[in-house]
Amino acid sequence: MPELPEIESLRRQLSRVLKGENIGKAEVYDRKIGRLPDLQGRTVAAVRREGKALWVDLGGDLALRLHMRMSGRLLWRAGGGARPAHTRFCLFFRTGELLCVDPRRFATLEARRTEEDTAAAPDALQVKDAAWLQKAAQGRRLPVKTFLMDQRILTGIGNIYACEILYDAAVDPHRAARSVSRREWRRITEAMARVLKTAVKCRGTSISDWRDLHGEKGEFQNRLQVYDRSGQTCRRCGGTVQRTVLGGRGTYFCPSCQR
DNA sequence: CCCTATGTTCCCAA
DNA sequence: CTTGGGAACATAGG
């Protein structure tokens, strides 16, 4: 479920709660999520984000890499108590517990060496160069929306924010990436920064079950312009928001003002 | 039974 | 070899 703004919200909250704290023990309840070495006594040095993945640096060369995929959630609680359904692992600290809950079991957890952090593609919040995007899109016939969601090109954008960004930029998500003009790439670049920064400030989009580290809803669902609004009136031009499918994902856009 | 779901990866055909 | 589309992964909810 989580995209860049949701993961960035988790990162900030995790950093505040975990930095400098020592791990008492780690328990994995679902082997499918991954395996862990003995982490007893390890200290959290930093929490970083790489696209939609979280890195928990544990000093030395050791780090945990966590990816929430579709339904993963992290929950911090000061006290103990019964584990929620679908809890996949737990890290215990003197100050509380960090639980990972993931109904669909797509999330991944791995212990890795810090140097294995091989960030190849730039973070969507760092991309400010329309010319660079246009170059990357050169010759590509795939829909511009699918292009923006390709984590090998740039990282962090998922289905909701791809829809919102293209709406903000007034570009039709079906357009072949290579057909997008420089002016349109400029609009997309600006929309990307605007939408993602605002969504981070709102601590993400709680459309169904996204909750932050402390179980709180985000606020960006109140500011969505197209996502999940099919059949409703476009706030910009009065047209009707349509839903189509691109790359197997529900895609929302306004055919009258996104060209 | 059908469809949908904030993600990634694999397979296949062109 | 590259590109793009679709299925698969696993589970819950409407």
# chains A, B, ... in the order shown; residues from 1 in each chain; ligands from 1
$ residues_around --residues "region 142-158 of chain A" --least-positions-apart "3" --cutoff "8 Å" --atoms "only C-alpha atoms (C1' of nucleotides)" --output "PyMOL selection string"
(chain A and resi 3-4+50-52+120-124+127+136-137+161-163+166+173-177+180+246-247) or (chain B and resi 6-7) or (chain C and resi 4)
$ interface_residues --of "chain A" --to "chain C" --cutoff "8 Å" --atoms "only C-alpha atoms (C1' of nucleotides)" --output "PyMOL selection string"
chain A and resi 103-106+142+247-248
$ select_by_dssp --residues "region 11-125 of chain A" --states "alpha helix (DSSP H)" --output "list in words"
Arg11, Arg12, Gln13, Leu14, Ser15, Arg16, Val17 and Leu18 of chain A
$ closest_atom_pairs --of "chain A" --to "chain B" --cutoff "10 Å" --atoms "only C-alpha atoms (C1' of nucleotides)" --output "tab-separated table"
residue	atom	partner	partner_atom	distance
A:Met1	CA	B:DT6	C1'	3.4
A:Pro2	CA	B:DT6	C1'	4.8
A:Glu3	CA	B:DT6	C1'	6.0
A:Leu4	CA	B:DT6	C1'	9.6
A:Glu6	CA	B:DT6	C1'	8.7
A:Lys52	CA	B:DG7	C1'	9.4
A:His67	CA	B:DG7	C1'	9.3
A:Met68	CA	B:DG7	C1'	8.4
A:Arg69	CA	B:DG7	C1'	4.7
A:Met70	CA	B:DG7	C1'	5.3
A:Ser71	CA	B:DT6	C1'	8.3
A:Phe106	CA	B:DG7	C1'	8.3
A:Ala107	CA	B:DG7	C1'	9.2
A:Gln151	CA	B:DT8	C1'	9.4
A:Ile157	CA	B:DT6	C1'	9.7
A:Gly158	CA	B:DT6	C1'	6.7
A:Asn159	CA	B:DT6	C1'	6.5
A:Ile160	CA	B:DT6	C1'	6.2
A:Tyr161	CA	B:DT6	C1'	8.6
A:Gly204	CA	B:DT6	C1'	9.5
A:Thr205	CA	B:DT6	C1'	8.0
A:Ser206	CA	B:DT6	C1'	8.9
A:Ile207	CA	B:DT6	C1'	8.4
A:Ser208	CA	B:DA5	C1'	8.9
A:Asp209	CA	B:DT6	C1'	9.4
A:Trp210	CA	B:DT6	C1'	8.0
A:Arg249	CA	B:DA5	C1'	9.5
A:Gly250	CA	B:DT4	C1'	9.0
$ write_last_selection --atoms "N, CA and C atoms" --output "short mmCIF file (atom, residue, chain, number, x, y, z; two decimals), in the first residue's frame"
data_model
loop_
_atom_site.label_atom_id
_atom_site.label_comp_id
_atom_site.auth_asym_id
_atom_site.auth_seq_id
_atom_site.Cartn_x
_atom_site.Cartn_y
_atom_site.Cartn_z
N MET A 1 0.81 -1.19 0.00
CA MET A 1 0.00 0.00 0.00
C MET A 1 0.85 1.26 0.00
N PRO A 2 1.88 1.29 0.75
CA PRO A 2 2.54 2.57 0.94
C PRO A 2 3.41 2.98 -0.24
N GLU A 3 3.33 4.26 -0.57
CA GLU A 3 4.20 4.86 -1.57
C GLU A 3 5.16 5.81 -0.85
N LEU A 4 5.85 6.64 -1.62
CA LEU A 4 6.88 7.50 -1.02
C LEU A 4 6.39 8.30 0.20
N GLU A 6 4.00 7.80 2.36
CA GLU A 6 3.71 6.95 3.51
C GLU A 6 5.01 6.42 4.12
N LYS A 52 10.64 3.21 -1.95
CA LYS A 52 9.58 2.74 -1.05
C LYS A 52 10.13 1.77 0.00
N HIS A 67 10.56 -3.80 3.08
CA HIS A 67 9.68 -3.30 2.03
C HIS A 67 8.25 -3.75 2.35
N MET A 68 7.32 -2.81 2.40
CA MET A 68 5.96 -3.10 2.85
C MET A 68 5.07 -3.64 1.74
N ARG A 69 5.52 -3.52 0.49
CA ARG A 69 4.71 -3.97 -0.66
C ARG A 69 3.28 -3.45 -0.55
N MET A 70 2.30 -4.36 -0.71
CA MET A 70 0.91 -3.89 -0.81
C MET A 70 0.25 -3.62 0.54
N SER A 71 0.40 -4.53 1.49
CA SER A 71 -0.44 -4.43 2.68
C SER A 71 0.35 -4.34 3.99
N PHE A 106 3.09 -9.99 1.37
CA PHE A 106 4.02 -9.64 0.30
C PHE A 106 5.25 -8.91 0.83
N ALA A 107 5.16 -8.39 2.04
CA ALA A 107 6.27 -7.58 2.59
C ALA A 107 7.55 -8.41 2.69
N GLN A 151 10.10 1.73 -11.08
CA GLN A 151 11.09 2.03 -10.03
C GLN A 151 12.52 1.94 -10.56
N ILE A 157 7.08 6.60 -6.66
CA ILE A 157 5.73 6.85 -7.14
C ILE A 157 4.98 5.54 -7.36
N GLY A 158 3.80 5.44 -6.79
CA GLY A 158 2.93 4.28 -6.98
C GLY A 158 1.63 4.72 -7.62
N ASN A 159 0.61 3.90 -7.52
CA ASN A 159 -0.60 4.11 -8.29
C ASN A 159 -1.37 5.38 -7.93
N ILE A 160 -1.56 5.63 -6.65
CA ILE A 160 -2.33 6.82 -6.25
C ILE A 160 -1.64 8.10 -6.70
N TYR A 161 -0.35 8.22 -6.37
CA TYR A 161 0.34 9.48 -6.65
C TYR A 161 0.62 9.66 -8.13
N GLY A 204 0.59 11.01 4.40
CA GLY A 204 0.08 9.97 3.52
C GLY A 204 -1.41 9.97 3.31
N THR A 205 -1.86 8.94 2.59
CA THR A 205 -3.26 8.82 2.15
C THR A 205 -3.91 7.62 2.81
N SER A 206 -4.86 7.85 3.69
CA SER A 206 -5.56 6.73 4.35
C SER A 206 -6.88 6.46 3.64
N ILE A 207 -6.77 5.85 2.45
CA ILE A 207 -7.96 5.57 1.66
C ILE A 207 -8.66 4.34 2.17
N SER A 208 -7.91 3.34 2.56
CA SER A 208 -8.54 2.18 3.17
C SER A 208 -7.88 1.93 4.52
N ASP A 209 -6.69 1.29 4.50
CA ASP A 209 -6.16 0.92 5.81
C ASP A 209 -4.77 1.46 6.13
N TRP A 210 -4.28 2.42 5.37
CA TRP A 210 -2.98 2.98 5.75
C TRP A 210 -3.08 3.70 7.09
N ARG A 249 -3.63 -1.74 -13.33
CA ARG A 249 -3.94 -0.92 -12.17
C ARG A 249 -5.06 0.06 -12.49
N GLY A 250 -5.96 0.26 -11.54
CA GLY A 250 -7.02 1.23 -11.69
C GLY A 250 -6.42 2.62 -11.91
#
$ select_by_dssp --residues "region 56-237 of chain A" --states "strand (DSSP E)" --output "PyMOL selection string"
chain A and resi 56-57+62-67+73-77+87-93+96-101+108-113
$ decode --residues "region 5-48 of chain A" --atoms "N, CA and C atoms" --output "short mmCIF file (atom, residue, chain, number, x, y, z; two decimals), in the first residue's frame"
data_model
loop_
_atom_site.label_atom_id
_atom_site.label_comp_id
_atom_site.auth_asym_id
_atom_site.auth_seq_id
_atom_site.Cartn_x
_atom_site.Cartn_y
_atom_site.Cartn_z
N PRO A 5 5.26 8.99 0.14
CA PRO A 5 4.86 9.81 1.29
C PRO A 5 4.57 8.98 2.54
N GLU A 6 4.00 7.80 2.36
CA GLU A 6 3.71 6.95 3.51
C GLU A 6 5.01 6.42 4.12
N ILE A 7 5.94 5.98 3.26
CA ILE A 7 7.20 5.44 3.77
C ILE A 7 8.03 6.55 4.41
N GLU A 8 8.01 7.74 3.82
CA GLU A 8 8.75 8.86 4.41
C GLU A 8 8.17 9.23 5.78
N SER A 9 6.84 9.13 5.90
CA SER A 9 6.22 9.40 7.21
C SER A 9 6.69 8.37 8.23
N LEU A 10 6.71 7.10 7.82
CA LEU A 10 7.20 6.05 8.73
C LEU A 10 8.66 6.31 9.10
N ARG A 11 9.46 6.68 8.11
CA ARG A 11 10.89 6.90 8.37
C ARG A 11 11.09 7.97 9.44
N ARG A 12 10.38 9.07 9.29
CA ARG A 12 10.54 10.16 10.26
C ARG A 12 10.13 9.73 11.66
N GLN A 13 9.00 9.02 11.73
CA GLN A 13 8.53 8.58 13.04
C GLN A 13 9.44 7.52 13.63
N LEU A 14 9.91 6.60 12.79
CA LEU A 14 10.82 5.55 13.27
C LEU A 14 12.11 6.16 13.79
N SER A 15 12.60 7.14 13.05
CA SER A 15 13.85 7.78 13.42
C SER A 15 13.74 8.39 14.82
N ARG A 16 12.62 9.07 15.06
CA ARG A 16 12.42 9.71 16.35
C ARG A 16 12.33 8.68 17.48
N VAL A 17 11.67 7.57 17.20
CA VAL A 17 11.41 6.57 18.24
C VAL A 17 12.60 5.64 18.48
N LEU A 18 13.31 5.28 17.39
CA LEU A 18 14.30 4.20 17.50
C LEU A 18 15.75 4.64 17.59
N LYS A 19 16.06 5.83 17.10
CA LYS A 19 17.47 6.22 17.01
C LYS A 19 18.16 6.17 18.37
N GLY A 20 19.25 5.43 18.41
CA GLY A 20 20.02 5.32 19.65
C GLY A 20 19.54 4.22 20.58
N GLU A 21 18.43 3.58 20.24
CA GLU A 21 17.89 2.53 21.10
C GLU A 21 18.51 1.16 20.76
N ASN A 22 18.58 0.32 21.77
CA ASN A 22 19.15 -1.02 21.58
C ASN A 22 18.06 -2.07 21.40
N ILE A 23 18.30 -2.99 20.50
CA ILE A 23 17.36 -4.09 20.29
C ILE A 23 17.55 -5.12 21.40
N GLY A 24 16.46 -5.47 22.05
CA GLY A 24 16.51 -6.54 23.05
C GLY A 24 16.51 -7.89 22.36
N LYS A 25 15.48 -8.11 21.54
CA LYS A 25 15.41 -9.34 20.76
C LYS A 25 14.56 -9.09 19.52
N ALA A 26 14.62 -10.02 18.61
CA ALA A 26 13.80 -9.95 17.40
C ALA A 26 13.11 -11.27 17.22
N GLU A 27 11.83 -11.23 16.88
CA GLU A 27 11.08 -12.45 16.66
C GLU A 27 10.40 -12.40 15.29
N VAL A 28 10.56 -13.47 14.52
CA VAL A 28 9.90 -13.58 13.22
C VAL A 28 8.82 -14.65 13.33
N TYR A 29 7.59 -14.27 13.01
CA TYR A 29 6.47 -15.20 13.16
C TYR A 29 6.06 -15.85 11.85
N ASP A 30 6.44 -15.25 10.75
CA ASP A 30 6.11 -15.78 9.43
C ASP A 30 7.40 -15.84 8.61
N ARG A 31 7.88 -17.06 8.41
CA ARG A 31 9.16 -17.23 7.75
C ARG A 31 9.18 -16.65 6.33
N LYS A 32 7.99 -16.55 5.73
CA LYS A 32 7.93 -16.05 4.36
C LYS A 32 8.48 -14.64 4.22
N ILE A 33 8.38 -13.84 5.28
CA ILE A 33 8.81 -12.44 5.18
C ILE A 33 10.33 -12.32 5.10
N GLY A 34 11.04 -13.33 5.61
CA GLY A 34 12.50 -13.30 5.57
C GLY A 34 13.07 -13.85 6.86
N ARG A 35 14.40 -13.87 6.96
CA ARG A 35 15.06 -14.38 8.15
C ARG A 35 15.93 -13.29 8.75
N LEU A 36 16.23 -13.44 10.04
CA LEU A 36 17.06 -12.45 10.71
C LEU A 36 18.19 -13.13 11.48
N PRO A 37 19.36 -12.51 11.48
CA PRO A 37 20.43 -13.00 12.34
C PRO A 37 20.15 -12.54 13.78
N ASP A 38 20.98 -12.91 14.70
CA ASP A 38 20.83 -12.46 16.08
C ASP A 38 21.10 -10.95 16.15
N LEU A 39 20.11 -10.21 16.60
CA LEU A 39 20.25 -8.75 16.62
C LEU A 39 20.39 -8.20 18.03
N GLN A 40 20.44 -9.08 19.01
CA GLN A 40 20.49 -8.67 20.40
C GLN A 40 21.63 -7.69 20.66
N GLY A 41 21.27 -6.55 21.27
CA GLY A 41 22.27 -5.57 21.65
C GLY A 41 22.63 -4.58 20.54
N ARG A 42 22.13 -4.80 19.34
CA ARG A 42 22.40 -3.87 18.24
C ARG A 42 21.72 -2.52 18.49
N THR A 43 22.38 -1.46 18.08
CA THR A 43 21.85 -0.12 18.28
C THR A 43 21.41 0.49 16.95
N VAL A 44 20.25 1.10 16.95
CA VAL A 44 19.76 1.75 15.73
C VAL A 44 20.53 3.06 15.52
N ALA A 45 21.31 3.10 14.46
CA ALA A 45 22.12 4.28 14.17
C ALA A 45 21.34 5.29 13.33
N ALA A 46 20.52 4.80 12.43
CA ALA A 46 19.76 5.70 11.56
C ALA A 46 18.65 4.92 10.88
N VAL A 47 17.63 5.63 10.43
CA VAL A 47 16.59 5.03 9.60
C VAL A 47 16.54 5.83 8.31
N ARG A 48 16.72 5.13 7.20
CA ARG A 48 16.76 5.80 5.90
C ARG A 48 15.67 5.25 4.99
#
